[in-house]
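Student: Submitted below is the structure of interest, expressed as structure tokens.
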Amino acid sequence: MRALKPARLIILSVLLILAALGANSATRKAPPGGKEPLATAFANIGSWQCTQRLAMDQKVVKALDLDDFLFQAYQRDRGELSLYVGYYRSAKKVGAAHDPLVCFQGQGWTIGQRDSGSYRLTSHPQYTISYSSMVAELQGEKQVIVYWFQVNDKATANTHSQKLAMLMDRISGRGEDNAFVRLSAPVGAGTPEAARQRIFRFIDDFYPQFVRYVRQMEDKGHS
């Protein structure tokens with residue numbers, strides 16, 4: 001039998017441990033319901049005003065096994081963008097979210113300018129997010145997309161990092177809240193860089209509020 005490469009062996013070990021922790025968590029008390037829905041909690045974000053609640057096919061909601069979600073358009077001055085958050089309250093659902101690279105290509109979008117990196121918030125430098133980004137184009141419409149995978153108060157750029165972060169949090173006895181966050185900004189008559197800057201200005205306002213929401217969920221789960 002061919003030996004596994006060290007990197008694959010590490011990933012396999014992490015997944016097996018995470019699966020075991022997930023099985024053990026089935027006997028734990030589930031977080032209480034009745035929490036304010038995301039769409040209500042994030043009706044407005046700083047000076048960004050929600051202009052529209054966007055439709056989402058119920059078949060997609062069911063397929064993603066979401067516990068809650070937000071899909072809304074926001075505007076400040078003349079800048080606009082959309083925010084999608086798929087929220088989960090169980091470690092067993094880590095990895096349920098689809099990478100936009102797959103989803104957008106499946107819908108006919110052409111993907112270009114893929115990137116990943118870290119961003120330290122301007123107004124709250126105690127927060128740093130690891131993210132992935134890309135530019136997608138369909139029938140002359142171009143959008144800049146920035147996304148990450150959340151585990152409690154950590155933002156990771158991909159699902160492998162998310163699973164590892166969840167493993168560490170489960171070992172330390174933290175909560176199981178996790179989410180997928182995607183921001184999309186139309187390029188329009190501007191440039192991809194201008195759309196990208198708009199997204200990160202929004203993140204400056206959104207992310208501290210989002211972390212407070214997640215931590216509140218974690219505190220309730222331990223109460």
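Residues in the structure tokens are named by chain (A, B, ... in the order shown) and by number from 1 within that chain; ligands are numbered from 1 in the order shown.
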Can you pull out every residue from region 112-208 of chain A that DSSP, working from the backbone, puts in alpha helix (DSSP H), and format the result as an MDAnalysis selection string?
Tutor: chainID A and resid 159:171 192:208
Student: Determine, counting only C-alpha atoms, which protein, DNA and RNA residues have an atom within 7 Å of an atom of Tyr119 (chain A); residues of the same chain fewer than 4 positions away are not included. Present the result as a list in words.
Tutor: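 Residues near the query, excluding close chain neighbours: Thr128, Ile129 and Ser130 of chain A.
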Student: Write the residues of the selection above to a file with C-alpha atoms, as a compact mmCIF listing (two decimals), in the first residue's frame.
Tutor:
```txt
# COMPACT_ATOMS: atom_id res chain seq x y z
CA THR A 128 -7.73 40.48 11.88
CA ILE A 129 -9.52 38.37 9.29
CA SER A 130 -8.00 35.84 6.94
```
Student: When you count only C-alpha atoms, which of these residues is closest to Tyr213 (chain A): A:Ala55, A:Asn152, A:Ala189, A:Val61?
Tutor: A:Asn152
Student: Which residues, written as number ranges by chain, have at least one atom at most 7 Å from region 132-138 of chain A, with only C-alpha atoms counted and residues fewer than 6 positions away on the same chain left out?
Tutor: A: 108-117, 144-148, 157
Student: Deliver the residues from the most recent selection as a file, using all heavy atoms, as a compact mmCIF listing (two decimals), in the first residue's frame.
Tutor:
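Writing done, so here's selection-v1.txt:
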```txt
# COMPACT_ATOMS: atom_id res chain seq x y z
N GLY A 108 -22.21 29.84 -14.29
CA GLY A 108 -21.76 30.43 -15.55
C GLY A 108 -20.83 31.61 -15.43
O GLY A 108 -20.43 32.20 -16.45
N TRP A 109 -20.46 32.01 -14.21
CA TRP A 109 -19.55 33.14 -14.03
C TRP A 109 -18.13 32.74 -14.42
O TRP A 109 -17.70 31.62 -14.15
CB TRP A 109 -19.56 33.63 -12.58
CG TRP A 109 -20.85 34.26 -12.15
CD1 TRP A 109 -22.00 33.62 -11.80
CD2 TRP A 109 -21.11 35.65 -11.98
NE1 TRP A 109 -22.97 34.52 -11.44
CE2 TRP A 109 -22.45 35.78 -11.54
CE3 TRP A 109 -20.35 36.80 -12.16
CZ2 TRP A 109 -23.05 37.01 -11.29
CZ3 TRP A 109 -20.94 38.04 -11.90
CH2 TRP A 109 -22.27 38.13 -11.47
N THR A 110 -17.40 33.68 -14.99
CA THR A 110 -15.98 33.50 -15.27
C THR A 110 -15.19 34.05 -14.08
O THR A 110 -15.44 35.18 -13.64
CB THR A 110 -15.57 34.24 -16.55
OG1 THR A 110 -16.32 33.71 -17.65
CG2 THR A 110 -14.08 34.05 -16.83
N ILE A 111 -14.27 33.27 -13.56
CA ILE A 111 -13.52 33.64 -12.36
C ILE A 111 -12.12 34.12 -12.74
O ILE A 111 -11.43 33.50 -13.54
CB ILE A 111 -13.41 32.46 -11.39
CG1 ILE A 111 -14.80 31.90 -11.06
CG2 ILE A 111 -12.68 32.88 -10.12
CD1 ILE A 111 -15.75 32.88 -10.44
N GLY A 112 -11.72 35.25 -12.15
CA GLY A 112 -10.38 35.78 -12.38
C GLY A 112 -9.87 36.49 -11.15
O GLY A 112 -10.59 36.70 -10.18
N GLN A 113 -8.60 36.83 -11.15
CA GLN A 113 -7.95 37.58 -10.06
C GLN A 113 -8.23 36.99 -8.69
O GLN A 113 -8.69 37.67 -7.77
CB GLN A 113 -8.39 39.05 -10.10
CG GLN A 113 -8.02 39.77 -11.38
CD GLN A 113 -8.41 41.24 -11.37
OE1 GLN A 113 -8.44 41.87 -10.34
NE2 GLN A 113 -8.72 41.79 -12.54
N ARG A 114 -7.96 35.73 -8.53
CA ARG A 114 -8.12 35.07 -7.23
C ARG A 114 -6.97 35.47 -6.30
O ARG A 114 -5.84 35.65 -6.72
CB ARG A 114 -8.16 33.56 -7.41
CG ARG A 114 -9.38 33.05 -8.16
CD ARG A 114 -9.30 31.54 -8.33
NE ARG A 114 -9.23 30.89 -7.03
CZ ARG A 114 -8.89 29.61 -6.86
NH1 ARG A 114 -8.55 28.86 -7.91
NH2 ARG A 114 -8.85 29.06 -5.66
N ASP A 115 -7.30 35.61 -5.01
CA ASP A 115 -6.31 36.06 -4.06
C ASP A 115 -6.72 35.62 -2.65
O ASP A 115 -7.86 35.20 -2.43
CB ASP A 115 -6.18 37.59 -4.12
CG ASP A 115 -4.94 38.10 -3.40
OD1 ASP A 115 -4.06 37.28 -3.07
OD2 ASP A 115 -4.86 39.32 -3.15
N SER A 116 -5.80 35.70 -1.72
CA SER A 116 -6.09 35.47 -0.31
C SER A 116 -5.13 36.32 0.50
O SER A 116 -4.07 36.72 0.01
CB SER A 116 -5.96 33.99 0.06
OG SER A 116 -4.64 33.54 -0.15
N GLY A 117 -5.51 36.61 1.73
CA GLY A 117 -4.65 37.44 2.55
C GLY A 117 -5.24 37.68 3.93
O GLY A 117 -6.20 37.01 4.33
N VAL A 144 -16.59 42.03 -7.44
CA VAL A 144 -15.50 41.63 -6.56
C VAL A 144 -16.12 40.89 -5.37
O VAL A 144 -17.10 41.36 -4.78
CB VAL A 144 -14.69 42.84 -6.07
CG1 VAL A 144 -13.65 42.41 -5.04
CG2 VAL A 144 -14.00 43.52 -7.25
N ILE A 145 -15.56 39.74 -5.04
CA ILE A 145 -16.12 38.90 -3.98
C ILE A 145 -15.03 38.62 -2.95
O ILE A 145 -13.92 38.21 -3.30
CB ILE A 145 -16.65 37.58 -4.56
CG1 ILE A 145 -17.79 37.88 -5.55
CG2 ILE A 145 -17.15 36.66 -3.45
CD1 ILE A 145 -18.04 36.78 -6.53
N VAL A 146 -15.34 38.88 -1.70
CA VAL A 146 -14.45 38.60 -0.58
C VAL A 146 -15.21 37.68 0.38
O VAL A 146 -16.37 37.95 0.70
CB VAL A 146 -14.01 39.89 0.15
CG1 VAL A 146 -13.21 39.56 1.40
CG2 VAL A 146 -13.19 40.78 -0.78
N TYR A 147 -14.56 36.61 0.82
CA TYR A 147 -15.28 35.67 1.69
C TYR A 147 -14.34 35.01 2.69
O TYR A 147 -13.11 35.00 2.50
CB TYR A 147 -16.00 34.61 0.86
CG TYR A 147 -15.10 33.74 -0.01
CD1 TYR A 147 -14.64 32.50 0.45
CD2 TYR A 147 -14.70 34.15 -1.28
CE1 TYR A 147 -13.83 31.70 -0.34
CE2 TYR A 147 -13.89 33.35 -2.07
CZ TYR A 147 -13.46 32.13 -1.60
OH TYR A 147 -12.65 31.34 -2.37
N TRP A 148 -14.94 34.49 3.75
CA TRP A 148 -14.18 33.73 4.75
C TRP A 148 -15.09 32.75 5.46
O TRP A 148 -16.32 32.79 5.34
CB TRP A 148 -13.48 34.66 5.73
CG TRP A 148 -14.38 35.44 6.66
CD1 TRP A 148 -14.89 35.04 7.86
CD2 TRP A 148 -14.83 36.79 6.46
NE1 TRP A 148 -15.65 36.03 8.42
CE2 TRP A 148 -15.63 37.12 7.59
CE3 TRP A 148 -14.66 37.74 5.45
CZ2 TRP A 148 -16.24 38.36 7.72
CZ3 TRP A 148 -15.26 38.98 5.58
CH2 TRP A 148 -16.04 39.29 6.70
N ALA A 157 -9.51 31.60 5.93
CA ALA A 157 -9.63 31.81 4.49
C ALA A 157 -10.19 30.60 3.74
O ALA A 157 -10.62 30.74 2.60
CB ALA A 157 -8.27 32.19 3.90
```
Student: When distances are computed from only C-alpha atoms, which of A:Gln209, A:Thr191, A:Gln72, A:Gln139 shows the smallest separation from Gly46 (chain A)?
Tutor: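 Checking each candidate against Gly46 (chain A), we get A:Gln209 as the closest.
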Student: Can you tell me which residues surround Asp169 (chain A) at a distance of at most 12 Å, considering only C-alpha atoms, apart from same-chain residues fewer than 3 positions away, and format the answer as a list of chain:residue names?
Tutor: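 Within the cut-off, the hits are A:Leu18, A:Leu21, A:Ala91, A:Val151, A:Asn152, A:Asp153, A:Lys154, A:Gln162, A:Lys163, A:Leu164, A:Ala165, A:Met166, A:Ser172, A:Gly173, A:Arg174, A:Gly175, A:Glu176, A:Asp177, A:Asn178, A:Glu218.
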Student: Export, as a PDB file, in the first residue's frame, the selected residues with C-alpha atoms.
Tutor:
```
ATOM      1  CA  LEU A  18     -13.039  16.457  14.607  1.00  0.00           C
ATOM      2  CA  LEU A  21     -15.512  15.376  18.860  1.00  0.00           C
ATOM      3  CA  ALA A  91     -19.439  21.648  14.875  1.00  0.00           C
ATOM      4  CA  VAL A 151     -15.322  29.722  13.789  1.00  0.00           C
ATOM      5  CA  ASN A 152     -16.442  31.493  16.939  1.00  0.00           C
ATOM      6  CA  ASP A 153     -14.349  34.707  16.787  1.00  0.00           C
ATOM      7  CA  LYS A 154     -11.828  33.491  14.177  1.00  0.00           C
ATOM      8  CA  GLN A 162     -11.877  26.363   9.574  1.00  0.00           C
ATOM      9  CA  LYS A 163     -11.888  22.672  10.527  1.00  0.00           C
ATOM     10  CA  LEU A 164      -8.567  23.012  12.314  1.00  0.00           C
ATOM     11  CA  ALA A 165      -9.775  26.117  14.193  1.00  0.00           C
ATOM     12  CA  MET A 166     -12.930  24.281  15.244  1.00  0.00           C
ATOM     13  CA  SER A 172     -10.451  24.016  24.724  1.00  0.00           C
ATOM     14  CA  GLY A 173     -14.178  23.682  25.468  1.00  0.00           C
ATOM     15  CA  ARG A 174     -15.405  26.647  23.441  1.00  0.00           C
ATOM     16  CA  GLY A 175     -18.708  26.873  21.567  1.00  0.00           C
ATOM     17  CA  GLU A 176     -19.530  25.377  18.177  1.00  0.00           C
ATOM     18  CA  ASP A 177     -20.820  28.418  16.284  1.00  0.00           C
ATOM     19  CA  ASN A 178     -19.489  28.670  12.745  1.00  0.00           C
ATOM     20  CA  GLU A 218     -21.443  31.215  22.586  1.00  0.00           C
TER      21      GLU A 218
END
```
Student: Restricting the calculation to only C-alpha atoms, which member of A:Thr122, A:Ser161, A:Ser184, A:Ser47 is positioned closest to Lys142 (chain A)?
Tutor: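 Closest candidate: A:Ser184.
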Student: When distances are computed from only C-alpha atoms, which of A:Tyr87, A:Tyr127, A:Phe180, A:Phe69 shows the smallest separation from Asp205 (chain A)?
Tutor: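 The shortest atom-to-atom distance to Asp205 (chain A) comes from A:Tyr127.
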Student: Near Leu81 (chain A), within 12 Å and counting only C-alpha atoms, which residues show up once chain neighbours fewer than 2 positions away are dropped, as a PyMOL selection string?
Tutor: chain A and resi 48-52+54+71-79+83-84+143-146+182-188+195-203
Student: With only C-alpha atoms as the atoms that count, which of A:Val94, A:Met168, A:Leu70, A:Ala194 lies nearest to Ala43 (chain A)?
Tutor: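 Of A:Val94, A:Met168, A:Leu70, A:Ala194, the one nearest Ala43 (chain A), counting only C-alpha atoms, is A:Leu70.
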Student: His124 (chain A): which residues within 10 Å, counting only C-alpha atoms, same-chain residues fewer than 5 positions away excluded, as a PyMOL selection string?
Tutor: chain A and resi 204-205+207-208
Student: What's the separation between CA of Arg120 (chain A) and CA of Asn158 (chain A), in Å to one decimal place?
Tutor: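 Between these atoms lies a distance of 17.7 Å.
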